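Asker: Got a file for you: final_30.txt, compact mmCIF, C-alpha atoms and all ligand atoms.
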# COMPACT_ATOMS: atom_id res chain seq x y z
CA MET A 1 0.00 0.00 0.00
CA TYR A 2 2.76 2.43 0.88
CA SER A 3 4.59 1.63 -2.26
CA LEU A 4 1.51 2.54 -4.22
CA LEU A 5 1.18 5.82 -2.47
CA PHE A 6 4.82 6.47 -3.11
CA LEU A 7 4.30 5.67 -6.72
CA VAL A 8 1.43 8.06 -7.05
CA LEU A 9 3.50 10.71 -5.39
CA LEU A 10 6.29 10.09 -7.83
CA LEU A 11 3.96 10.21 -10.75
CA TYR A 12 2.54 13.41 -9.44
CA VAL A 13 5.93 15.03 -9.05
CA ASN A 14 7.12 13.75 -12.33
CA PHE A 15 4.20 14.74 -14.43
CA VAL A 16 2.32 17.45 -12.72
CA LEU A 17 4.81 19.51 -10.84
CA HIS A 18 7.66 19.19 -13.18
CA PRO A 19 7.41 22.00 -15.69
CA LYS A 20 7.01 20.84 -19.21
CA LYS A 21 7.90 22.19 -22.54
CA LYS A 22 4.83 22.59 -24.58
CA LYS A 23 6.24 22.59 -28.03
CA GLU A 24 7.95 19.33 -28.22
CA LYS A 25 7.26 19.12 -31.90
CA ASN A 26 9.33 22.17 -32.56
CA ALA A 27 12.20 20.62 -30.78
CA LEU A 28 11.81 17.60 -32.92
CA LEU A 29 11.88 19.61 -36.06
CA ALA A 30 14.89 21.55 -34.98
CA LEU A 31 16.79 18.43 -34.19
CA HIS A 32 15.76 16.91 -37.40
CA CYS A 33 17.59 19.58 -39.34
CA GLY A 34 20.85 18.75 -37.70
CA SER A 35 21.16 15.32 -39.16
CA LEU A 36 22.43 15.89 -42.62
CA ARG A 37 24.76 12.99 -42.54
CA LYS A 38 21.99 10.51 -42.71
CA PRO A 39 21.44 10.33 -46.43
CA VAL A 40 25.10 9.87 -47.02
CA MET A 41 25.21 7.13 -44.50
CA ALA A 42 22.27 5.40 -46.02
CA ALA A 43 23.75 5.58 -49.45
CA ALA A 44 27.16 4.49 -48.35
CA CYS A 45 25.58 1.65 -46.56
CA THR A 46 23.57 0.49 -49.47
CA ARG A 47 26.70 0.62 -51.54
CA ALA A 48 28.63 -1.29 -48.99
CA LEU A 49 25.96 -3.90 -49.17
CA GLY A 50 26.93 -4.36 -52.76
CA LYS A 51 24.05 -2.62 -54.37
CA LEU A 52 23.33 0.86 -55.49
CA GLY A 53 23.10 2.90 -58.50
CA GLY A 54 22.03 6.25 -59.69
CA ALA A 55 19.26 6.29 -57.20
CA PHE A 56 21.72 7.59 -54.70
CA LEU A 57 21.19 11.28 -55.12
CA ARG A 58 17.54 11.01 -55.63
CA ALA A 59 17.27 8.82 -52.63
CA SER A 60 19.30 11.17 -50.55
CA VAL A 61 17.01 14.04 -51.25
CA VAL A 62 13.94 12.06 -50.51
CA HIS A 63 15.46 10.71 -47.42
CA ARG A 64 16.53 14.00 -46.05
CA SER A 65 13.20 15.59 -46.50
CA ALA A 66 11.11 12.75 -45.36
CA THR A 67 12.93 11.24 -42.48
CA ALA A 68 13.01 12.79 -39.13
CA SER A 69 15.07 11.90 -36.25
CA TYR A 70 13.08 12.11 -33.16
CA LEU A 71 15.76 12.56 -30.74
CA LEU A 72 13.26 12.43 -28.05
CA GLY A 73 13.48 8.83 -28.72
CA ASN A 74 11.48 6.32 -26.94
CA GLY A 75 10.98 8.38 -23.91
CA PHE A 76 8.08 6.84 -22.37
CA ARG A 77 5.74 5.95 -25.08
CA ARG A 78 3.81 3.07 -23.84
CA ALA A 79 0.29 2.45 -24.51
CA TYR A 80 -2.23 0.00 -25.45
CA CYS A 81 -1.80 -3.06 -27.33
CA SER A 82 -3.69 -5.75 -28.87
CA ARG A 83 -1.83 -8.86 -29.51
CA GLY A 84 -1.63 -11.12 -32.46
CA THR A 85 -4.75 -12.99 -33.24
CA GLY A 86 -6.77 -11.77 -30.32
CA LEU A 87 -8.87 -8.88 -31.39
CA ARG A 88 -9.49 -7.72 -27.95
CA SER A 89 -8.18 -4.56 -26.71
CA LYS A 90 -5.32 -3.85 -24.61
CA LEU A 91 -3.89 -1.24 -22.60
CA LEU A 92 -2.56 1.96 -22.46
CA SER A 93 -0.14 4.29 -21.46
CA ALA A 94 1.26 7.50 -22.34
CA ARG A 95 4.16 8.83 -24.11
CA SER A 96 6.08 11.81 -23.32
CA GLY A 97 9.16 13.30 -24.57
CA GLY A 98 12.71 12.77 -23.74
CA GLY A 99 13.63 10.02 -21.49
CA ARG A 100 10.64 9.90 -19.27
CA LEU A 101 11.63 6.43 -18.47
CA LEU A 102 10.71 6.72 -14.93
CA GLY A 103 7.21 7.71 -15.75
CA CYS A 104 7.01 5.01 -18.28
CA ALA A 105 8.05 2.31 -16.01
CA PHE A 106 5.65 3.39 -13.39
CA LEU A 107 2.86 3.87 -15.73
CA LEU A 108 3.03 0.45 -17.11
CA GLY A 109 3.77 -0.77 -13.73
CA GLY A 110 0.25 0.20 -13.03
CA GLY A 111 -0.87 -1.89 -15.84
CA LEU A 112 1.17 -4.92 -15.56
CA GLY A 113 1.90 -5.45 -11.99
CA TRP A 114 2.79 -2.95 -9.36
CA TYR A 115 3.19 -5.74 -6.98
CA GLN A 116 4.47 -8.39 -9.17
CA ALA A 117 7.90 -9.54 -8.62
CA VAL A 118 9.99 -10.04 -11.65
CA LYS A 119 8.35 -12.46 -13.83
CA VAL A 120 9.16 -13.70 -17.23
CA SER A 121 6.47 -15.13 -19.31
CA VAL A 122 7.56 -16.47 -22.56
CA GLN A 123 4.78 -17.18 -24.87
CA GLN A 124 4.99 -19.29 -27.85
CA HIS A 125 3.37 -17.15 -30.39
CA MET A 126 1.71 -18.26 -33.50
CA ALA A 127 3.51 -21.47 -33.87
CA GLU A 128 0.85 -23.36 -35.74
CA ASP A 129 0.67 -22.47 -39.34
CA LYS A 130 3.68 -20.34 -39.72
CA GLN A 131 6.99 -21.16 -41.13
CA ASP A 132 9.79 -18.78 -40.66
CA PRO A 133 10.68 -17.58 -44.12
CA GLU A 134 14.33 -17.50 -43.18
CA GLY A 135 14.32 -20.96 -41.82
CA ALA A 136 16.98 -20.33 -39.24
CA LEU A 137 15.78 -17.00 -37.98
CA LYS A 138 14.77 -17.23 -34.37
CA LEU A 139 13.05 -14.10 -33.14
CA VAL A 140 12.36 -13.13 -29.57
CA LEU A 141 10.46 -9.94 -28.94
CA TYR A 142 10.88 -8.23 -25.59
CA GLN A 143 7.88 -6.06 -25.09
CA TYR A 144 5.26 -4.48 -22.97
CA LYS A 145 2.03 -5.86 -24.17
CA THR A 146 0.49 -2.45 -23.93
CA CYS A 147 2.97 -0.41 -25.88
CA PRO A 148 2.08 0.87 -29.36
CA PHE A 149 5.64 0.56 -30.56
CA CYS A 150 5.60 -3.09 -29.63
CA SER A 151 2.23 -3.48 -31.30
CA LYS A 152 3.73 -2.05 -34.46
CA VAL A 153 6.47 -4.64 -34.47
CA ARG A 154 3.96 -7.42 -33.90
CA ALA A 155 1.79 -6.15 -36.71
CA PHE A 156 4.81 -6.23 -38.99
CA LEU A 157 5.88 -9.72 -37.94
CA ASP A 158 2.35 -11.10 -38.08
CA TYR A 159 1.68 -9.69 -41.49
CA HIS A 160 4.90 -11.14 -42.84
CA GLY A 161 4.20 -14.46 -41.22
CA ALA A 162 7.37 -14.50 -39.18
CA ALA A 163 7.29 -16.72 -36.13
CA TYR A 164 8.44 -15.15 -32.91
CA GLU A 165 8.39 -15.57 -29.21
CA ILE A 166 7.30 -12.91 -26.82
CA VAL A 167 8.96 -12.07 -23.55
CA GLU A 168 6.70 -9.83 -21.56
CA VAL A 169 8.81 -7.38 -19.60
CA ASN A 170 7.81 -6.28 -16.16
CA PRO A 171 7.71 -2.52 -16.51
CA VAL A 172 8.72 -1.77 -12.97
CA MET A 173 11.73 -3.97 -12.54
CA ARG A 174 12.56 -4.62 -16.15
CA GLN A 175 14.50 -7.61 -15.00
CA GLU A 176 13.89 -9.35 -18.28
CA ILE A 177 16.02 -6.85 -20.13
CA LYS A 178 18.58 -6.37 -17.45
CA TRP A 179 21.17 -7.95 -19.69
CA SER A 180 20.81 -5.06 -22.10
CA THR A 181 22.30 -1.63 -21.72
CA TYR A 182 19.55 -0.46 -24.01
CA ARG A 183 16.74 -0.15 -21.53
CA LYS A 184 13.67 0.24 -23.65
CA VAL A 185 11.28 -1.99 -25.43
CA PRO A 186 10.74 -3.27 -27.98
CA ILE A 187 13.95 -5.21 -28.36
CA LEU A 188 14.16 -8.00 -30.88
CA MET A 189 16.75 -10.70 -30.39
CA VAL A 190 17.67 -12.55 -33.53
CA ASN A 191 19.12 -16.02 -33.18
CA GLY A 192 20.03 -15.26 -29.62
CA GLU A 193 22.90 -13.00 -30.54
CA LEU A 194 21.87 -10.01 -32.57
CA GLN A 195 20.03 -7.36 -30.64
CA LEU A 196 17.83 -5.00 -32.60
CA ASN A 197 16.67 -1.90 -30.77
CA ASP A 198 13.90 0.54 -31.65
CA SER A 199 10.69 -0.45 -33.36
CA SER A 200 11.34 1.36 -36.62
CA VAL A 201 14.87 0.02 -36.88
CA ILE A 202 13.58 -3.48 -36.26
CA ILE A 203 10.99 -3.10 -38.98
CA SER A 204 13.27 -1.45 -41.53
CA SER A 205 16.10 -3.90 -41.07
CA LEU A 206 13.91 -6.99 -41.20
CA LYS A 207 12.03 -5.69 -44.21
CA THR A 208 15.36 -5.13 -45.94
CA LEU A 209 16.37 -8.66 -45.05
CA PHE A 210 13.13 -10.16 -46.31
CA LEU A 211 13.45 -8.36 -49.62
CA SER A 212 17.07 -9.04 -50.32
CA LYS A 213 18.10 -12.33 -48.97
CA ASP A 214 21.66 -12.01 -50.14
CA LYS A 215 22.40 -9.50 -47.42
CA SER A 216 23.07 -10.57 -43.91
CA LEU A 217 21.23 -8.99 -41.05
CA THR A 218 24.52 -8.14 -39.40
CA ASP A 219 25.48 -6.05 -42.39
CA ILE A 220 22.09 -4.48 -42.61
CA ILE A 221 21.92 -3.28 -39.03
CA HIS A 222 25.18 -1.42 -39.43
CA CYS A 223 23.22 0.87 -41.66
CA TYR A 224 21.13 2.03 -38.74
CA PRO A 225 23.77 3.43 -36.45
CA GLU A 226 22.97 4.69 -33.03
CA MET A 227 23.33 8.40 -32.51
CA LYS A 228 23.49 9.78 -29.03
CA SER A 229 22.97 13.39 -28.26
CA VAL A 230 21.67 15.68 -25.60
CA ASN A 231 18.34 17.30 -26.15
CA ASP A 232 17.38 20.79 -25.15
CA ARG A 233 16.21 19.58 -21.81
CA GLY A 234 19.62 18.25 -21.06
CA ARG A 235 18.71 14.63 -21.43
CA GLU A 236 20.74 12.18 -23.32
CA VAL A 237 18.73 10.69 -26.10
CA THR A 238 19.45 7.96 -28.54
CA GLU A 239 18.26 8.10 -32.06
CA TYR A 240 18.84 5.87 -35.00
CA ASN A 241 19.93 7.08 -38.37
CA ASN A 242 17.95 6.06 -41.40
CA LYS A 243 15.29 4.38 -39.38
CA TYR A 244 12.60 4.68 -42.06
CA TRP A 245 14.94 3.81 -44.87
CA LEU A 246 15.22 0.40 -46.43
CA MET A 247 18.69 -0.60 -47.56
CA LEU A 248 17.73 -1.79 -50.99
CA SER A 249 19.39 -1.73 -54.35
CA GLU A 250 17.96 0.38 -57.09
CA ALA A 251 16.27 -2.59 -58.67
CA GLU A 252 14.79 -3.76 -55.40
CA THR A 253 13.59 -0.27 -54.65
CA ALA A 254 11.96 0.01 -58.05
CA ALA A 255 10.22 -3.30 -57.53
CA LEU A 256 8.93 -2.36 -54.11
CA TYR A 257 7.86 1.14 -55.05
CA PRO A 258 6.72 0.96 -58.64
CA GLN A 259 5.29 4.44 -58.62
CA LYS A 260 6.96 7.69 -58.04
CA GLY A 261 6.46 9.07 -54.57
CA MET A 262 5.49 5.80 -52.94
CA GLN A 263 8.69 5.50 -51.02
CA LYS A 264 8.60 9.02 -49.74
CA GLU A 265 4.97 8.67 -48.80
CA GLU A 266 5.62 5.54 -46.81
CA MET A 267 8.43 7.16 -44.87
CA LYS A 268 6.41 10.25 -44.17
CA TRP A 269 3.49 8.34 -42.71
CA ARG A 270 5.62 5.95 -40.74
CA GLN A 271 7.12 8.95 -39.09
CA TRP A 272 3.71 10.47 -38.57
CA ALA A 273 2.57 7.35 -36.76
CA ASP A 274 5.56 7.52 -34.41
CA ASP A 275 5.64 11.25 -33.87
CA TRP A 276 2.02 12.24 -33.87
CA LEU A 277 -0.52 9.45 -33.86
CA VAL A 278 1.02 7.79 -30.84
CA HIS A 279 0.55 10.91 -28.76
CA LEU A 280 -3.17 10.82 -29.26
CA ILE A 281 -3.65 7.45 -27.64
CA SER A 282 -3.21 8.11 -23.95
CA PRO A 283 -5.21 11.32 -23.76
CA ASN A 284 -8.02 9.47 -25.47
CA VAL A 285 -8.07 6.28 -23.50
CA TYR A 286 -7.83 8.11 -20.18
CA ARG A 287 -10.02 10.95 -21.26
CA THR A 288 -12.55 10.60 -18.49
CA THR A 289 -12.30 8.90 -15.15
CA GLY A 290 -14.67 6.26 -16.44
CA GLU A 291 -12.49 5.55 -19.43
CA ALA A 292 -9.37 5.50 -17.30
CA LEU A 293 -10.99 2.93 -15.08
CA ALA A 294 -12.06 0.83 -18.01
CA SER A 295 -8.53 0.93 -19.37
CA PHE A 296 -7.05 -0.16 -16.10
CA ASP A 297 -9.70 -2.73 -15.58
CA TYR A 298 -8.39 -4.44 -18.64
CA ILE A 299 -4.79 -4.18 -17.49
CA VAL A 300 -5.59 -5.65 -14.17
CA ARG A 301 -7.46 -8.53 -15.71
CA GLU A 302 -4.54 -9.24 -18.01
CA GLY A 303 -1.97 -8.81 -15.31
CA LYS A 304 -3.20 -11.57 -13.01
CA PHE A 305 -3.35 -9.52 -9.90
CA GLY A 306 -4.55 -10.73 -6.58
CA THR A 307 -7.90 -9.34 -5.54
CA VAL A 308 -6.57 -6.70 -3.23
CA GLU A 309 -3.63 -5.80 -5.37
CA GLY A 310 -5.78 -5.58 -8.42
CA PHE A 311 -8.21 -3.34 -6.66
CA PHE A 312 -5.53 -0.86 -5.73
CA ALA A 313 -3.71 -1.05 -8.98
CA LYS A 314 -6.88 -0.37 -10.83
CA TYR A 315 -8.05 2.65 -8.90
CA VAL A 316 -4.70 4.20 -8.20
CA GLY A 317 -3.44 3.54 -11.70
CA ALA A 318 -6.55 4.93 -13.27
CA ALA A 319 -6.41 8.05 -11.16
CA ALA A 320 -2.76 8.58 -11.95
CA MET A 321 -3.25 8.10 -15.65
CA TYR A 322 -6.24 10.35 -15.69
CA ILE A 323 -4.04 13.10 -14.32
CA ILE A 324 -1.13 12.26 -16.57
CA SER A 325 -3.24 12.26 -19.66
CA LYS A 326 -4.26 15.84 -18.95
CA ARG A 327 -0.62 16.77 -18.88
CA LEU A 328 0.03 15.00 -22.11
CA LYS A 329 -2.87 16.80 -23.64
CA SER A 330 -1.34 20.16 -22.99
CA ARG A 331 2.13 19.02 -23.89
CA HIS A 332 1.00 18.04 -27.32
CA ASN A 333 -1.32 20.98 -27.73
CA LEU A 334 -4.37 18.86 -28.17
CA GLN A 335 -7.84 20.24 -28.29
CA ASP A 336 -10.03 20.20 -25.25
CA ASP A 337 -11.97 17.40 -26.74
CA VAL A 338 -9.12 15.06 -27.52
CA ARG A 339 -11.39 12.89 -29.60
CA GLN A 340 -11.44 15.59 -32.23
CA ASP A 341 -7.70 15.33 -32.67
CA LEU A 342 -7.97 11.59 -32.97
CA TYR A 343 -10.74 11.79 -35.54
CA LYS A 344 -8.88 14.39 -37.49
CA ALA A 345 -5.67 12.40 -37.54
CA VAL A 346 -7.40 9.22 -38.55
CA ASN A 347 -9.38 10.93 -41.28
CA GLU A 348 -6.22 12.51 -42.58
CA TRP A 349 -4.76 9.09 -42.81
CA VAL A 350 -7.75 7.73 -44.68
CA ALA A 351 -7.72 10.73 -47.01
CA ALA A 352 -4.04 10.13 -47.73
CA ILE A 353 -4.85 6.63 -48.87
CA GLY A 354 -7.60 7.98 -51.08
CA ARG A 355 -10.49 6.23 -52.71
CA ASP A 356 -8.62 4.24 -55.26
CA ARG A 357 -6.31 2.29 -53.04
CA LYS A 358 -7.10 -0.46 -50.60
CA PHE A 359 -4.02 0.38 -48.61
CA MET A 360 -1.46 3.12 -48.76
CA GLY A 361 0.77 0.48 -50.25
CA GLY A 362 -1.78 -0.17 -53.00
CA SER A 363 -3.21 -3.64 -53.12
CA GLN A 364 -1.06 -4.66 -50.17
CA PRO A 365 -0.18 -2.84 -46.97
CA ASN A 366 3.11 -1.06 -46.84
CA LEU A 367 5.09 -0.25 -43.72
CA ALA A 368 3.04 2.87 -43.08
CA ASP A 369 -0.19 0.86 -43.14
CA LEU A 370 1.31 -1.57 -40.67
CA ALA A 371 2.57 1.19 -38.40
CA VAL A 372 -0.73 3.06 -38.25
CA PHE A 373 -2.63 -0.16 -37.74
CA GLY A 374 -0.26 -1.25 -34.99
CA VAL A 375 -0.72 2.00 -33.12
CA LEU A 376 -4.50 2.21 -33.43
CA ARG A 377 -4.93 -1.40 -32.47
CA VAL A 378 -3.86 -0.83 -28.90
CA MET A 379 -7.13 0.99 -28.22
CA GLU A 380 -9.28 -1.94 -29.23
CA GLY A 381 -12.07 -2.78 -26.85
CA LEU A 382 -12.10 0.67 -25.30
CA GLN A 383 -14.52 3.49 -25.77
CA ALA A 384 -11.99 5.54 -27.73
CA PHE A 385 -11.71 2.79 -30.30
CA GLN A 386 -15.43 2.46 -30.70
CA ASP A 387 -15.83 6.21 -31.05
CA MET A 388 -13.12 6.27 -33.67
CA MET A 389 -14.82 3.54 -35.64
CA ASP A 390 -18.18 5.26 -35.42
CA ASN A 391 -17.05 8.76 -36.19
CA THR A 392 -14.33 8.42 -38.78
CA LYS A 393 -13.92 6.72 -42.10
CA VAL A 394 -11.21 4.39 -40.93
CA LYS A 395 -13.31 1.29 -40.49
CA HIS A 396 -12.98 -0.35 -43.87
CA TRP A 397 -9.27 0.13 -44.06
CA TYR A 398 -8.89 -1.07 -40.50
CA ARG A 399 -10.81 -4.27 -41.13
CA ARG A 400 -8.73 -4.96 -44.20
CA MET A 401 -5.58 -4.50 -42.17
CA GLU A 402 -6.86 -6.81 -39.52
CA ARG A 403 -7.44 -9.53 -42.05
CA ALA A 404 -4.09 -8.95 -43.69
CA ALA A 405 -2.24 -9.33 -40.40
CA LEU A 406 -4.34 -12.23 -39.20
CA ASN A 407 -3.90 -14.16 -42.42
CA HIS A 408 -0.21 -13.32 -42.72
CA GLU A 409 -0.86 -12.01 -46.19
CA GLY A 410 2.65 -10.70 -46.53
CA ARG A 411 4.18 -14.09 -46.05
CA ALA A 412 7.11 -14.61 -48.34
C1 LIG A 501 21.22 -2.39 -29.19
O1 LIG A 501 21.62 -1.93 -27.93
C2 LIG A 501 22.64 -2.71 -27.33
C3 LIG A 501 22.87 -2.18 -25.97
O2 LIG A 501 23.09 -0.80 -26.00
C4 LIG A 501 23.89 -2.70 -28.20
O3 LIG A 501 24.88 -3.50 -27.63
C5 LIG A 501 23.52 -3.22 -29.56
O4 LIG A 501 24.62 -3.17 -30.41
C6 LIG A 501 22.38 -2.41 -30.14
N1 LIG A 501 22.00 -3.01 -31.39
C7 LIG A 501 22.12 -2.38 -32.53
C8 LIG A 501 21.77 -3.15 -33.72
O5 LIG A 501 22.52 -1.24 -32.61
Would you mind giving the structure from this file in structure tokens?
Ligand SMILES: *[C@@H]1O[C@H](CO)[C@@H](O)[C@H](O)[C@H]1NC(C)=O
Answerer:
Amino acid sequence: MYSLLFLVLLLYVNFVLHPKKKKEKNALLALHCGSLRKPVMAAACTRALGKLGGAFLRASVVHRSATASYLLGNGFRRAYCSRGTGLRSKLLSARSGGGRLLGCAFLLGGGLGWYQAVKVSVQQHMAEDKQDPEGALKLVLYQYKTCPFCSKVRAFLDYHGAAYEIVEVNPVMRQEIKWSTYRKVPILMVNGELQLNDSSVIISSLKTLFLSKDKSLTDIIHCYPEMKSVNDRGREVTEYNNKYWLMLSEAETAALYPQKGMQKEEMKWRQWADDWLVHLISPNVYRTTGEALASFDYIVREGKFGTVEGFFAKYVGAAAMYIISKRLKSRHNLQDDVRQDLYKAVNEWVAAIGRDRKFMGGSQPNLADLAVFGVLRVMEGLQAFQDMMDNTKVKHWYRRMERAALNHEGRA
């Protein structure tokens, strides 16, 4: 009980008393401009991988304009998730800028087990009908079930029919990833030796691997170098170069993006999902006290709490998140009615796809489709999700995405 009170106090200090920068987005943009080396790196990397042609310059320009580096990094972006085949909803959380790890851990702690001791649960995931296209590739995903970035990775893996195991990380102790100096999720371990960090890096590097089997993953990940810097709040942040860029040859690129602009569009909307859409989740799922309770009710049910523990986790967690979500709302300059921002974002997405395409990727989802789907999916089962379905035009696309992921339509 005392630890809970302490936790609430910490949350309060961390999120309410601590003065916040409002215009995080501006910071992101400013930082973005500083990373001119990226295109060169990407090109050099592609060349080093034994491919590359005249697309270099063109690619560089596209890349520079379309890729952002969000130095604010993973901060604490944790939210809801829906896992694999289950269409039920999951949880929540919030994201904030730079390195709010503490908040993150606590927040999810609420969801997944304030009281739980360290606990690893490895789940065999989707073993039945799936064959790993690489044969030897053994994937283990370290995740919080309720984090949209983890949901994105799962959407990608599910769609491509890759088999993987899940290690659910306890968000308070994070014992399960103690072996890693990189302290965030998702982490994807490949064959027990290669550690991929950051959801977009995981997706870009695996997609590259799936498309060009002559490259080794070890070579590919060198193209996504880590870049540490200090943000304007004095926090050290880690960002990854080229994270939306696939390391493909000119021919492979042309095959993947048959029409002009497709590549740039995909990168732009992947970034949008990470930098904007994600921020709309927490304020929406904790919008009212009732919704906050419903969100935590789900977490507690999933988290296998004892009766008393669950009771406290639910009410204290919900109260804390209700407060936090108000902070997030002002940090991201959302409207008073946060639903409106969600509807607007989702309708923008649908408008970007247009009437003539099933997916942004055309007849099949591209990485932007998978990212947006992965993020939105974490609200499933909650009021915010239902409202979104009822009040926007996203439904048809969403159902198509669901089927595509469920049926592993992108299987090699
Ligand atoms: C991921 O992070 C760990 C720990 O910081 C590091 O050792 C590893 O090289 C990183 N992986 C990649 C692909 O950068």
Asker: I'd like to know which of A:Ile353, A:Val169, A:Leu277, A:Ile187 is closest to ligand LIG 501 (chain A), using only C-alpha atoms and all ligand atoms.
Answerer: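 Checking each candidate against ligand LIG 501 (chain A), we get A:Ile187 as the closest.
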Asker: Counting only C-alpha atoms and all ligand atoms, which protein, DNA or RNA residues come within 8 Å of ligand LIG 501 (chain A), given as a VMD selection string?
Answerer: chain A and resid 180 to 183 187 194 to 197 221 to 222 224 to 226
Asker: Residues within 8 Å of A:Arg411, please, as a PDB file with C-alpha atoms, in the coordinates of the input. Count all atoms listed in the file; anything in the same chain fewer than 6 positions from it doesn't count.
Answerer:
ATOM      1  CA  PRO A 133      10.680 -17.580 -44.120  1.00  0.00           C
ATOM      2  CA  TYR A 159       1.680  -9.690 -41.490  1.00  0.00           C
ATOM      3  CA  HIS A 160       4.900 -11.140 -42.840  1.00  0.00           C
ATOM      4  CA  GLY A 161       4.200 -14.460 -41.220  1.00  0.00           C
ATOM      5  CA  ALA A 162       7.370 -14.500 -39.180  1.00  0.00           C
TER       6      ALA A 162
END
Asker: Of the candidates A:Leu376, A:Met360, A:Leu280, A:Met388, which one gets nearest to A:Ser330 if we count only C-alpha atoms?
Answerer: A:Leu280
Asker: Atom CA of A:Val190 and atom CA of A:Tyr142, how far apart in Å?
Answerer: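 Distance reported for this atom pair: 11.3 Å.
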Asker: Atom CA of A:Met389 and atom CA of A:Gly410 are how many Å apart?
Answerer: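 Separation of atom CA of A:Met389 and atom CA of A:Gly410: 25.0 Å.
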Asker: Which value, in Å to one decimal, gives the distance between atom CA of A:Leu248 and atom CA of A:Gly374?
Answerer: 24.1 Å
